[in-house]
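The data block below is run-v2.cif; it holds mmCIF, C-alpha atoms.
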data_work
loop_
_atom_site.label_atom_id
_atom_site.label_comp_id
_atom_site.auth_asym_id
_atom_site.auth_seq_id
_atom_site.Cartn_x
_atom_site.Cartn_y
_atom_site.Cartn_z
CA MET Y 755 25.02 -24.18 28.49
CA LYS Y 756 21.89 -24.65 26.39
CA ALA Y 757 18.81 -22.51 26.91
CA TYR Y 758 15.25 -23.78 26.98
CA ILE Y 759 11.74 -22.43 27.21
CA LYS Y 760 10.42 -23.84 30.44
CA ALA Y 761 6.96 -22.27 30.69
CA ILE Y 762 4.69 -19.67 29.11
CA SER Y 763 1.59 -17.87 30.45
CA TYR Y 764 -0.26 -14.85 29.23
CA PHE Y 765 -2.58 -12.17 30.50
CA LEU Y 766 -5.35 -10.31 28.69
CA PRO Y 767 -6.99 -7.18 30.11
CA GLU Y 768 -10.62 -7.51 31.10
CA LYS Y 769 -12.24 -5.10 28.67
CA VAL Y 770 -13.21 -6.65 25.32
CA VAL Y 771 -13.97 -4.70 22.14
CA THR Y 772 -16.01 -6.84 19.75
CA ASN Y 773 -16.67 -6.21 16.07
CA ASP Y 774 -20.22 -5.22 17.04
CA ASP Y 775 -18.79 -2.53 19.30
CA LEU Y 776 -16.77 -1.18 16.37
CA VAL Y 777 -19.83 -1.30 14.06
CA LYS Y 778 -21.67 0.91 16.56
CA GLU Y 779 -18.83 3.43 16.52
CA PHE Y 780 -18.29 3.36 12.76
CA PRO Y 781 -21.71 2.56 11.26
CA GLU Y 782 -20.62 3.84 7.82
CA TRP Y 783 -17.74 1.38 7.67
CA THR Y 784 -17.63 -2.29 6.66
CA VAL Y 785 -16.24 -3.49 10.00
CA ASP Y 786 -17.33 -7.12 9.57
CA LYS Y 787 -15.70 -7.44 6.19
CA ILE Y 788 -12.43 -5.88 7.28
CA ALA Y 789 -12.41 -7.77 10.56
CA GLY Y 790 -13.00 -11.02 8.65
CA LYS Y 791 -10.16 -10.22 6.35
CA VAL Y 792 -7.70 -9.48 9.15
CA GLY Y 793 -9.11 -12.41 11.12
CA VAL Y 794 -9.98 -10.63 14.36
CA SER Y 795 -13.38 -10.92 16.11
CA GLU Y 796 -12.45 -9.35 19.41
CA ARG Y 797 -9.55 -7.68 21.11
CA HIS Y 798 -8.79 -6.94 24.77
CA ILE Y 799 -8.01 -3.37 25.73
CA VAL Y 800 -6.50 -1.98 28.94
CA SER Y 801 -8.44 0.45 31.09
CA GLU Y 802 -7.30 4.06 31.41
CA ASN Y 803 -5.18 3.48 34.50
CA GLU Y 804 -3.76 0.12 33.47
CA THR Y 805 -0.30 0.02 31.88
CA ALA Y 806 1.91 -2.48 30.12
CA ALA Y 807 3.90 -2.90 33.34
CA ASP Y 808 0.67 -3.77 35.21
CA MET Y 809 -0.16 -6.40 32.62
CA ALA Y 810 3.41 -7.68 32.72
CA THR Y 811 3.13 -8.16 36.48
CA GLN Y 812 -0.13 -10.06 36.04
CA ALA Y 813 1.33 -12.26 33.31
CA ALA Y 814 4.34 -13.12 35.50
CA LYS Y 815 2.10 -13.93 38.49
CA LYS Y 816 0.09 -16.21 36.25
CA LEU Y 817 3.30 -17.91 35.10
CA PHE Y 818 4.35 -18.57 38.70
CA THR Y 819 0.99 -20.04 39.77
CA GLU Y 820 0.09 -21.88 36.56
CA HIS Y 821 3.43 -23.68 36.39
CA GLY Y 822 4.37 -23.81 40.09
CA ILE Y 823 7.47 -21.69 39.63
CA ASP Y 824 9.34 -20.48 42.69
CA ARG Y 825 9.80 -16.78 42.06
CA SER Y 826 12.94 -16.62 44.19
CA THR Y 827 14.74 -18.56 41.44
CA ILE Y 828 14.31 -15.74 38.90
CA ASP Y 829 17.67 -14.05 38.41
CA PHE Y 830 16.96 -11.83 35.40
CA VAL Y 831 13.96 -9.88 34.08
CA LEU Y 832 13.77 -8.82 30.44
CA LEU Y 833 10.77 -6.69 29.54
CA CYS Y 834 9.94 -5.98 25.92
CA THR Y 835 7.66 -2.96 25.63
CA GLN Y 836 7.14 0.22 23.63
CA SER Y 837 4.72 1.48 26.27
CA PRO Y 838 6.84 2.04 29.40
CA ASP Y 839 5.40 3.62 32.56
CA TYR Y 840 8.10 6.32 32.58
CA TYR Y 841 11.14 7.52 30.64
CA LEU Y 842 12.94 6.43 33.76
CA PRO Y 843 13.15 4.26 35.76
CA THR Y 844 13.02 1.17 33.62
CA SER Y 845 9.69 -0.65 33.90
CA ALA Y 846 11.54 -3.95 34.52
CA CYS Y 847 12.77 -2.47 37.84
CA LEU Y 848 9.19 -1.63 38.83
CA ILE Y 849 8.17 -5.16 37.95
CA GLN Y 850 11.01 -6.70 40.01
CA ASN Y 851 9.62 -4.85 43.02
CA LYS Y 852 5.94 -5.55 42.31
CA LEU Y 853 6.68 -9.26 41.97
CA GLY Y 854 8.88 -9.33 45.04
CA LEU Y 855 11.79 -10.79 43.09
CA SER Y 856 15.25 -11.07 44.55
CA THR Y 857 17.30 -7.86 44.58
CA SER Y 858 20.19 -9.86 43.15
CA CYS Y 859 18.14 -10.12 39.97
CA GLY Y 860 19.19 -8.26 36.80
CA ALA Y 861 16.44 -6.28 35.06
CA LEU Y 862 16.13 -4.24 31.90
CA ASP Y 863 13.63 -3.11 29.28
CA PHE Y 864 14.16 -3.34 25.56
CA ASN Y 865 12.11 -1.43 23.03
CA LEU Y 866 10.91 -3.58 20.15
CA GLY Y 867 7.54 -4.41 18.63
CA CYS Y 868 6.58 -7.44 16.63
CA SER Y 869 10.11 -8.86 16.51
CA GLY Y 870 10.46 -8.45 20.30
CA PHE Y 871 9.75 -11.97 21.50
CA VAL Y 872 12.35 -13.53 19.20
CA TYR Y 873 14.90 -10.89 20.21
CA GLY Y 874 14.03 -11.55 23.85
CA LEU Y 875 14.74 -15.25 23.38
CA SER Y 876 18.09 -14.39 21.81
CA LEU Y 877 19.02 -12.14 24.76
CA ALA Y 878 17.84 -14.70 27.32
CA LYS Y 879 19.78 -17.45 25.56
CA GLY Y 880 22.89 -15.23 25.62
CA LEU Y 881 22.50 -14.62 29.36
CA ILE Y 882 22.21 -18.33 30.02
CA ALA Y 883 24.97 -19.37 27.62
CA GLY Y 884 27.27 -16.77 29.19
CA GLY Y 885 26.61 -18.14 32.67
CA ILE Y 886 25.15 -14.78 33.72
CA ALA Y 887 21.69 -16.04 34.61
CA LYS Y 888 19.89 -19.37 35.09
CA ASN Y 889 16.22 -18.38 35.09
CA VAL Y 890 15.32 -15.47 32.85
CA LEU Y 891 11.81 -14.07 33.10
CA LEU Y 892 11.11 -12.74 29.60
CA ILE Y 893 8.00 -10.60 29.50
CA THR Y 894 6.40 -8.99 26.47
CA ALA Y 895 3.75 -6.36 27.25
CA GLU Y 896 2.13 -3.90 24.90
CA THR Y 897 -0.72 -1.41 25.00
CA TYR Y 898 -0.97 -0.12 21.42
CA SER Y 899 -4.54 0.90 22.30
CA LYS Y 900 -2.97 3.88 24.07
CA HIS Y 901 -1.02 4.81 20.90
CA ILE Y 902 -4.00 4.53 18.52
CA HIS Y 903 -6.34 7.46 17.81
CA PRO Y 904 -9.95 6.60 18.78
CA LYS Y 905 -11.05 7.38 15.20
CA ASP Y 906 -8.35 5.20 13.60
CA LYS Y 907 -10.74 2.37 12.81
CA GLY Y 908 -8.26 0.28 10.82
CA ASN Y 909 -5.67 -0.03 13.55
CA ARG Y 910 -8.35 -0.37 16.23
CA THR Y 911 -9.69 -3.40 14.36
CA ILE Y 912 -6.29 -5.11 14.18
CA PHE Y 913 -4.50 -4.44 17.47
CA GLY Y 914 -5.20 -5.78 20.95
CA ASP Y 915 -3.38 -5.33 24.26
CA ALA Y 916 -1.75 -8.25 26.07
CA SER Y 917 1.24 -9.46 28.00
CA ALA Y 918 3.01 -12.81 27.94
CA ALA Y 919 5.54 -14.17 30.43
CA THR Y 920 8.05 -16.83 29.41
CA LEU Y 921 10.58 -18.56 31.60
CA VAL Y 922 13.85 -19.24 29.81
CA SER Y 923 15.99 -21.61 31.78
CA THR Y 924 18.74 -24.25 31.80
CA ASP Y 925 16.08 -26.90 31.21
CA GLY Y 926 12.58 -26.92 29.77
CA PHE Y 927 10.24 -28.27 27.09
CA ALA Y 928 11.87 -26.65 24.07
CA SER Y 929 15.52 -25.92 23.35
CA ILE Y 930 16.22 -22.55 21.74
CA GLU Y 931 18.33 -23.15 18.63
CA ASN Y 932 20.07 -20.73 16.25
CA PHE Y 933 18.86 -17.26 15.31
CA SER Y 934 18.69 -15.06 12.27
CA LEU Y 935 18.16 -11.38 13.09
CA GLY Y 936 17.92 -8.25 10.98
CA THR Y 937 17.36 -4.51 11.05
CA ASP Y 938 16.66 -1.79 8.51
CA GLY Y 939 16.15 1.61 10.10
CA ARG Y 940 15.23 3.10 6.72
CA GLY Y 941 11.74 1.82 7.47
CA ALA Y 942 11.46 3.72 10.77
CA GLU Y 943 8.99 6.30 9.52
CA ASN Y 944 6.54 3.70 8.16
CA LEU Y 945 5.47 2.50 11.60
CA ILE Y 946 5.96 5.18 14.19
CA VAL Y 947 4.56 7.17 17.10
CA ARG Y 948 6.29 10.52 16.63
CA LYS Y 949 5.06 12.44 19.62
CA GLY Y 950 6.22 11.92 23.17
CA GLY Y 951 9.92 11.24 22.70
CA LEU Y 952 12.53 13.97 22.84
CA ARG Y 953 12.63 14.49 19.07
CA GLN Y 954 9.03 15.68 19.15
CA PRO Y 955 8.03 16.14 22.80
CA ILE Y 956 4.81 18.07 22.23
CA SER Y 957 1.82 17.76 19.96
CA LEU Y 958 2.00 19.49 16.57
CA ASN Y 959 -1.81 19.48 16.39
CA ASP Y 960 -1.63 18.01 12.91
CA THR Y 961 -4.51 15.53 13.06
CA VAL Y 962 -6.17 15.13 9.65
CA LEU Y 963 -9.23 13.05 8.79
CA ASP Y 964 -9.39 12.68 4.99
CA GLU Y 965 -12.53 12.22 2.83
CA SER Y 966 -12.27 8.42 3.01
CA GLY Y 967 -12.30 8.63 6.82
CA ASN Y 968 -8.61 7.81 7.16
CA LEU Y 969 -6.86 9.55 9.99
CA THR Y 970 -3.27 10.71 10.26
CA SER Y 971 -1.72 12.41 13.28
CA SER Y 972 1.84 12.59 14.55
CA ASP Y 973 0.41 12.25 18.07
CA TYR Y 974 -0.62 8.66 17.45
CA LEU Y 975 0.45 5.41 15.88
CA PHE Y 976 1.05 5.80 12.16
CA MET Y 977 1.29 2.75 9.95
CA ASN Y 978 1.97 2.96 6.23
CA GLY Y 979 0.15 -0.26 5.35
CA GLY Y 980 1.52 -0.48 1.81
CA GLU Y 981 5.14 -0.07 2.84
CA ILE Y 982 4.80 -2.49 5.74
CA PHE Y 983 3.20 -5.00 3.39
CA ASN Y 984 6.07 -4.71 0.92
CA PHE Y 985 8.72 -4.90 3.63
CA THR Y 986 7.17 -8.03 5.09
CA ALA Y 987 6.79 -9.69 1.69
CA GLU Y 988 10.48 -8.98 0.97
CA ALA Y 989 12.04 -9.75 4.33
CA VAL Y 990 10.15 -12.71 5.76
CA PRO Y 991 10.75 -15.34 3.02
CA VAL Y 992 14.49 -14.56 3.17
CA LEU Y 993 14.41 -14.65 6.97
CA VAL Y 994 12.83 -18.10 6.95
CA GLN Y 995 15.42 -19.47 4.49
CA GLU Y 996 18.31 -17.96 6.49
CA THR Y 997 16.97 -19.47 9.70
CA LEU Y 998 16.60 -22.91 8.14
CA LYS Y 999 20.17 -22.68 6.87
CA LYS Y 1000 21.55 -21.60 10.27
CA ASN Y 1001 19.83 -24.57 11.85
CA GLY Y 1002 20.80 -27.07 9.16
CA LEU Y 1003 17.16 -27.88 8.46
CA MET Y 1004 15.05 -28.25 5.36
CA GLN Y 1005 11.71 -26.52 5.18
CA ASN Y 1006 9.93 -29.91 5.30
CA GLU Y 1007 11.62 -30.68 8.62
CA ILE Y 1008 9.70 -27.87 10.35
CA ASN Y 1009 6.59 -29.27 12.03
CA LEU Y 1010 4.94 -25.93 12.73
CA PHE Y 1011 5.56 -22.34 11.67
CA VAL Y 1012 4.57 -19.81 14.33
CA PHE Y 1013 4.81 -16.33 12.85
CA HIS Y 1014 4.03 -12.98 14.36
CA GLN Y 1015 0.22 -12.80 14.10
CA ALA Y 1016 0.13 -9.55 12.12
CA ASN Y 1017 -3.24 -10.11 10.47
CA LYS Y 1018 -4.79 -13.13 8.81
CA TYR Y 1019 -4.59 -11.86 5.25
CA MET Y 1020 -0.93 -10.87 5.51
CA MET Y 1021 -0.04 -14.14 7.21
CA ASN Y 1022 -1.78 -16.18 4.53
CA TYR Y 1023 -0.01 -14.11 1.90
CA LEU Y 1024 3.34 -14.93 3.50
CA ARG Y 1025 2.38 -18.58 3.92
CA LYS Y 1026 1.70 -18.85 0.18
CA LEU Y 1027 4.86 -16.91 -0.75
CA ILE Y 1028 7.01 -19.28 1.32
CA ASP Y 1029 5.01 -22.31 0.21
CA ILE Y 1030 3.98 -23.59 3.64
CA GLU Y 1031 1.01 -25.99 3.84
CA PRO Y 1032 -1.95 -24.61 5.86
CA GLU Y 1033 -1.71 -27.48 8.39
CA ARG Y 1034 1.86 -26.50 9.28
CA PHE Y 1035 1.05 -22.82 9.75
CA TYR Y 1036 -0.44 -21.66 13.04
CA PHE Y 1037 -3.03 -18.94 13.52
CA TYR Y 1038 -4.14 -17.53 16.84
CA LEU Y 1039 -5.51 -14.01 16.63
CA GLU Y 1040 -9.28 -14.22 16.32
CA ASN Y 1041 -9.97 -13.54 19.99
CA VAL Y 1042 -6.95 -11.42 20.84
CA GLY Y 1043 -5.97 -9.48 17.72
CA ASN Y 1044 -2.43 -8.46 16.87
CA THR Y 1045 -0.87 -8.08 20.32
CA VAL Y 1046 2.52 -6.96 18.90
CA SER Y 1047 5.38 -8.61 20.85
CA SER Y 1048 3.04 -11.06 22.60
CA THR Y 1049 1.54 -12.72 19.51
CA ILE Y 1050 4.19 -15.45 19.29
CA PRO Y 1051 4.22 -16.52 22.98
CA ILE Y 1052 0.39 -16.45 23.03
CA ALA Y 1053 0.31 -18.59 19.88
CA LEU Y 1054 2.89 -20.98 21.39
CA TYR Y 1055 0.81 -21.31 24.55
CA GLU Y 1056 -2.33 -22.10 22.56
CA ALA Y 1057 -0.52 -24.44 20.15
CA GLN Y 1058 0.83 -26.34 23.15
CA GLN Y 1059 -2.70 -26.66 24.58
CA GLU Y 1060 -3.77 -28.11 21.23
CA GLY Y 1061 -0.88 -30.59 21.29
CA LYS Y 1062 0.65 -29.00 18.22
CA LEU Y 1063 4.13 -28.38 19.60
CA VAL Y 1064 6.04 -31.36 18.28
CA GLY Y 1065 9.45 -31.62 16.63
CA ASN Y 1066 10.86 -28.41 15.16
CA ILE Y 1067 8.99 -25.13 15.47
CA LEU Y 1068 10.07 -22.09 13.49
CA LEU Y 1069 9.29 -18.72 15.08
CA ALA Y 1070 9.45 -15.50 13.05
CA GLY Y 1071 8.77 -11.93 14.22
CA PHE Y 1072 8.90 -8.84 12.01
CA GLY Y 1073 7.74 -5.26 12.10
CA VAL Y 1074 8.39 -1.81 13.57
CA GLY Y 1075 11.99 -0.66 13.17
CA TYR Y 1076 12.12 -2.30 10.70
CA SER Y 1077 13.29 -5.18 12.82
CA TRP Y 1078 12.99 -8.91 12.22
CA GLY Y 1079 14.15 -12.14 13.78
CA ALA Y 1080 13.56 -15.86 13.68
CA THR Y 1081 14.69 -18.99 15.47
CA VAL Y 1082 13.91 -22.68 15.78
CA LEU Y 1083 12.60 -24.40 18.90
CA LYS Y 1084 13.32 -28.13 19.25
CA MET Y 1085 10.71 -29.86 21.36
CA ILE Y 1086 12.06 -32.17 24.05
CA ASN Y 1087 10.42 -35.58 24.78
CA ASN Y 1088 8.26 -35.67 21.73
CA MET K 733 2.92 -8.61 -21.64
CA ASP K 734 0.51 -11.52 -21.76
CA ALA K 735 -3.08 -10.80 -20.70
CA ASN K 736 -3.88 -14.36 -19.64
CA GLU K 737 -0.75 -14.49 -17.53
CA PHE K 738 -1.71 -11.16 -15.95
CA ILE K 739 -5.20 -12.44 -15.12
CA LYS K 740 -3.68 -15.53 -13.51
CA ASN K 741 -1.28 -13.46 -11.41
CA PHE K 742 -4.08 -11.07 -10.50
CA ALA K 743 -6.42 -13.90 -9.45
CA ALA K 744 -3.74 -15.40 -7.20
CA GLN K 745 -4.09 -12.40 -4.88
CA PHE K 746 -7.61 -13.46 -3.87
CA ASP K 747 -8.43 -16.12 -1.28
CA ASP K 748 -12.17 -16.75 -1.75
CA THR K 749 -12.94 -15.94 -5.39
CA ASP K 750 -12.16 -18.81 -7.75
CA ALA K 751 -9.38 -18.06 -10.24
CA SER K 752 -11.63 -19.19 -13.12
CA GLU K 753 -14.02 -16.31 -12.39
CA PHE K 754 -11.48 -13.68 -13.39
CA THR K 755 -11.50 -12.11 -16.87
CA LEU K 756 -10.29 -8.77 -18.23
CA GLU K 757 -13.83 -7.46 -17.65
CA THR K 758 -13.90 -8.38 -13.94
CA ARG K 759 -14.81 -5.36 -11.83
CA PHE K 760 -12.60 -6.38 -8.95
CA ARG K 761 -13.71 -3.67 -6.53
CA GLU K 762 -17.19 -5.21 -6.58
CA LEU K 763 -16.02 -8.64 -5.45
CA ASP K 764 -17.22 -9.66 -1.98
CA GLU K 765 -13.74 -10.15 -0.64
CA TRP K 766 -12.23 -6.97 -2.10
CA SER K 767 -10.34 -4.76 0.34
CA SER K 768 -7.33 -2.49 0.41
CA LEU K 769 -5.27 -5.51 1.51
CA ASN K 770 -5.87 -7.14 -1.89
CA ALA K 771 -4.72 -3.90 -3.50
CA LEU K 772 -1.44 -4.10 -1.57
CA ALA K 773 -0.95 -7.70 -2.63
CA ILE K 774 -1.68 -6.78 -6.26
CA LEU K 775 0.76 -3.87 -6.22
CA ASN K 776 3.39 -6.17 -4.75
CA MET K 777 2.70 -8.78 -7.45
CA ILE K 778 3.00 -6.13 -10.19
CA SER K 779 6.31 -4.92 -8.82
CA LYS K 780 7.67 -8.50 -8.54
CA LYS K 781 6.42 -9.94 -11.83
CA TYR K 782 6.51 -6.87 -14.06
CA SER K 783 9.08 -4.64 -12.33
CA VAL K 784 6.55 -1.81 -12.34
CA VAL K 785 6.20 0.10 -9.10
CA LEU K 786 2.74 1.63 -8.84
CA LYS K 787 1.61 3.87 -6.01
CA PRO K 788 -1.74 2.99 -4.38
CA GLU K 789 -3.09 6.33 -5.70
CA GLU K 790 -2.22 5.32 -9.27
CA MET K 791 -4.18 2.11 -8.92
CA LYS K 792 -7.21 3.85 -7.42
CA PRO K 793 -8.92 4.95 -10.69
CA THR K 794 -8.80 1.41 -12.12
CA ASN K 795 -11.92 -0.73 -11.77
CA THR K 796 -11.49 -3.60 -14.20
CA VAL K 797 -8.61 -6.00 -14.69
CA GLN K 798 -8.26 -4.56 -18.21
CA GLU K 799 -7.78 -1.02 -16.87
CA LEU K 800 -5.07 -2.17 -14.50
CA PHE K 801 -3.47 -4.25 -17.24
CA ASP K 802 -3.41 -1.14 -19.48
CA LEU K 803 -1.89 0.94 -16.70
CA VAL K 804 0.93 -1.55 -16.16
CA GLN K 805 1.40 -1.83 -19.93
CA SER K 806 1.68 1.95 -20.24
CA LYS K 807 4.44 2.00 -17.61
CA LEU K 808 6.34 -0.68 -19.48
CA ASN K 809 6.32 1.24 -22.75
#

The structure given in the file should be rewritten as structure tokens.
Amino acid sequence: MKAYIKAISYFLPEKVVTNDDLVKEFPEWTVDKIAGKVGVSERHIVSENETAADMATQAAKKLFTEHGIDRSTIDFVLLCTQSPDYYLPTSACLIQNKLGLSTSCGALDFNLGCSGFVYGLSLAKGLIAGGIAKNVLLITAETYSKHIHPKDKGNRTIFGDASAATLVSTDGFASIENFSLGTDGRGAENLIVRKGGLRQPISLNDTVLDESGNLTSSDYLFMNGGEIFNFTAEAVPVLVQETLKKNGLMQNEINLFVFHQANKYMMNYLRKLIDIEPERFYFYLENVGNTVSSTIPIALYEAQQEGKLVGNILLAGFGVGYSWGATVLKMINN
Amino acid sequence: MDANEFIKNFAAQFDDTDASEFTLETRFRELDEWSSLNALAILNMISKKYSVVLKPEEMKPTNTVQELFDLVQSKLN
């Protein structure tokens, strides 16, 4: 049984943080320049009492109404998040209840970041191919704003909160082809929130603001920009070649490359490394920022609105873990 | 290590500044588009093309292309 993407919708929280807002908070800093470089003008941020599971529920509701999907047909929920409501129960169970989905529905969370959507597609495809489910509701939902220190201006400029809901089914507009996946846990410490898990349950009160205004704290999101840059530059070109090989395609047979929208500079850097023409490389982050696991489904949604989803689309996600994955979507009826 | 080649590789890490504008005297930190992201790209280029792994802190004191060129050269010797 083949698996297809049938529909995508996404939800953004109401509150918007513009570059002007950041300038007001960090007047000494060149917000406009940095924001231009990373390609983000505004990002949406959840309110204090709003969680990833709340956004996930909203995104799924939007999917049902926008595409006229009968929610009783959903027989599996996969939620990708690194911001669960609780240690237990699984947020996907809360979402099943909030959405009023059938109790004969399977539901589970999986913890991945920027590679999460591609991994989610691989899991959903497996469920369908194995005859376990027919309509998998794959939701990505992330609130990095809750993991970022208020004074961490760099990460606040890049990241936005969002949730995307994708229906993976036995029919749809794009067939999900072969995958290439990878993992290297040696990179774990380069993108990490140390506090809050059982390895480091309480704060070590180790927040340091250095003379250049850079903040480090094991209570919050830590990103070693240099290491992440190097990892991405090493892993992604290989990932793309592997994925082409697994799908028996040449690079020039890919109509559009939809990568994780990490930041504009990094994406352009990768585009040039892999030798992809600008017109075959999709950007959508200016008004949403890097929304972690939701960047690819949001970009797909917007590319579809622009009529850019034609032929073969290569998706690639990479980041925290380190974890990476890519696949090809073949558009139907184009 | 060829200086012209180094300038070319260095210039390729910039999106807005024309490659022809770069010389050994270029004070790259004063370019409009300069940011720490360019520094990461440059360090990556140096490691790829010259097999020299520099830490961001080592690059920090350099201001001209010549100074960076000399630093890489010194690691090669």

- Task: With a distance threshold of 8 Å and counting all atoms listed in the file, extract the residues of chain Y near chain K and express them as a list in words.
- Result: Lys787, Ile788, Lys791, Gly980, Phe983, Asn984, Tyr1019, Met1020 and Tyr1023 of chain Y

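Proximity of K:Lys792, K:Met733, K:Glu757, K:Ala743 to Gln805 of chain K, computed with all atoms listed in the file, is greatest for K:Met733.
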
- Query: Once the PyMOL selection byres ((chain K and resi 737) around 12) has been applied to the shown file, what residues remain in the selection, as a list in words?
  - Reply: Met733, Asp734, Ala735, Asn736, Phe738, Ile739, Lys740, Asn741, Phe742, Ala743, Ala744, Ala751, Phe754, Thr755, Leu756, Ile778, Lys781, Tyr782, Val797 and Phe801 of chain K

Writer output for current selection, C-alpha atoms, as a PDB file, keeping the file's coordinate frame:
ATOM      1  CA  MET K 733       2.920  -8.610 -21.640  1.00  0.00           C
ATOM      2  CA  ASP K 734       0.510 -11.520 -21.760  1.00  0.00           C
ATOM      3  CA  ALA K 735      -3.080 -10.800 -20.700  1.00  0.00           C
ATOM      4  CA  ASN K 736      -3.880 -14.360 -19.640  1.00  0.00           C
ATOM      5  CA  PHE K 738      -1.710 -11.160 -15.950  1.00  0.00           C
ATOM      6  CA  ILE K 739      -5.200 -12.440 -15.120  1.00  0.00           C
ATOM      7  CA  LYS K 740      -3.680 -15.530 -13.510  1.00  0.00           C
ATOM      8  CA  ASN K 741      -1.280 -13.460 -11.410  1.00  0.00           C
ATOM      9  CA  PHE K 742      -4.080 -11.070 -10.500  1.00  0.00           C
ATOM     10  CA  ALA K 743      -6.420 -13.900  -9.450  1.00  0.00           C
ATOM     11  CA  ALA K 744      -3.740 -15.400  -7.200  1.00  0.00           C
ATOM     12  CA  ALA K 751      -9.380 -18.060 -10.240  1.00  0.00           C
ATOM     13  CA  PHE K 754     -11.480 -13.680 -13.390  1.00  0.00           C
ATOM     14  CA  THR K 755     -11.500 -12.110 -16.870  1.00  0.00           C
ATOM     15  CA  LEU K 756     -10.290  -8.770 -18.230  1.00  0.00           C
ATOM     16  CA  ILE K 778       3.000  -6.130 -10.190  1.00  0.00           C
ATOM     17  CA  LYS K 781       6.420  -9.940 -11.830  1.00  0.00           C
ATOM     18  CA  TYR K 782       6.510  -6.870 -14.060  1.00  0.00           C
ATOM     19  CA  VAL K 797      -8.610  -6.000 -14.690  1.00  0.00           C
ATOM     20  CA  PHE K 801      -3.470  -4.250 -17.240  1.00  0.00           C
TER      21      PHE K 801
END

- Atomic separation - atom CA of Leu842 of chain Y relative to atom CA of Lys949 of chain Y, Å: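 Spanning atom CA of Lys949 of chain Y to atom CA of Leu842 of chain Y is a straight-line distance of 17.3 Å.
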
- Message: Could you tell me, as a ChimeraX atom specification, exactly which residues end up selected when the PyMOL selection byres ((chain Y and resi 906-912) around 10) is applied to this structure?
- Response: /Y:771-773,776-777,779-780,783,785-786,788-789,792-797,799,898-899,901-905,913-914,963,967-971,974-977,1016-1018,1039-1040,1042-1045

- Message: When the PyMOL selection byres ((chain K and resi 807) around 10) is applied to the structure above, which residues does it catch, written out as a ChimeraX atom specification?
- Response: /K:782-786,802-806,808-809

Keeping only C-alpha atoms, write the selected residues as a CSV table (one decimal), keeping the file's coordinate frame.
chain,number,residue,atom,x,y,z
K,782,TYR,CA,6.5,-6.9,-14.1
K,783,SER,CA,9.1,-4.6,-12.3
K,784,VAL,CA,6.6,-1.8,-12.3
K,785,VAL,CA,6.2,0.1,-9.1
K,786,LEU,CA,2.7,1.6,-8.8
K,802,ASP,CA,-3.4,-1.1,-19.5
K,803,LEU,CA,-1.9,0.9,-16.7
K,804,VAL,CA,0.9,-1.6,-16.2
K,805,GLN,CA,1.4,-1.8,-19.9
K,806,SER,CA,1.7,2.0,-20.2
K,808,LEU,CA,6.3,-0.7,-19.5
K,809,ASN,CA,6.3,1.2,-22.8

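Atom CA of Val831 of chain Y lies 11.1 Å from atom CA of Asn851 of chain Y.
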
- Which of these, K:Glu789, K:Asn795, K:Asp748, K:Ile774, has the shortest distance to Glu762 of chain K once you count only C-alpha atoms?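 Closest candidate: K:Asn795.
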
- Item | Residue nearest Ile759 of chain Y - candidates Y:Phe933, Y:Phe927, Y:Phe1011, Y:Tyr1038, atoms counted: all atoms listed in the file | Y:Phe927

- Message: Applying 12 Å and only C-alpha atoms, which residues near Gly951 of chain Y remain after dropping the ones on its own chain fewer than 2 positions away? List them as a PyMOL selection string.
- Response: chain Y and resi 836-838+840-841+946-949+953-957+972-973
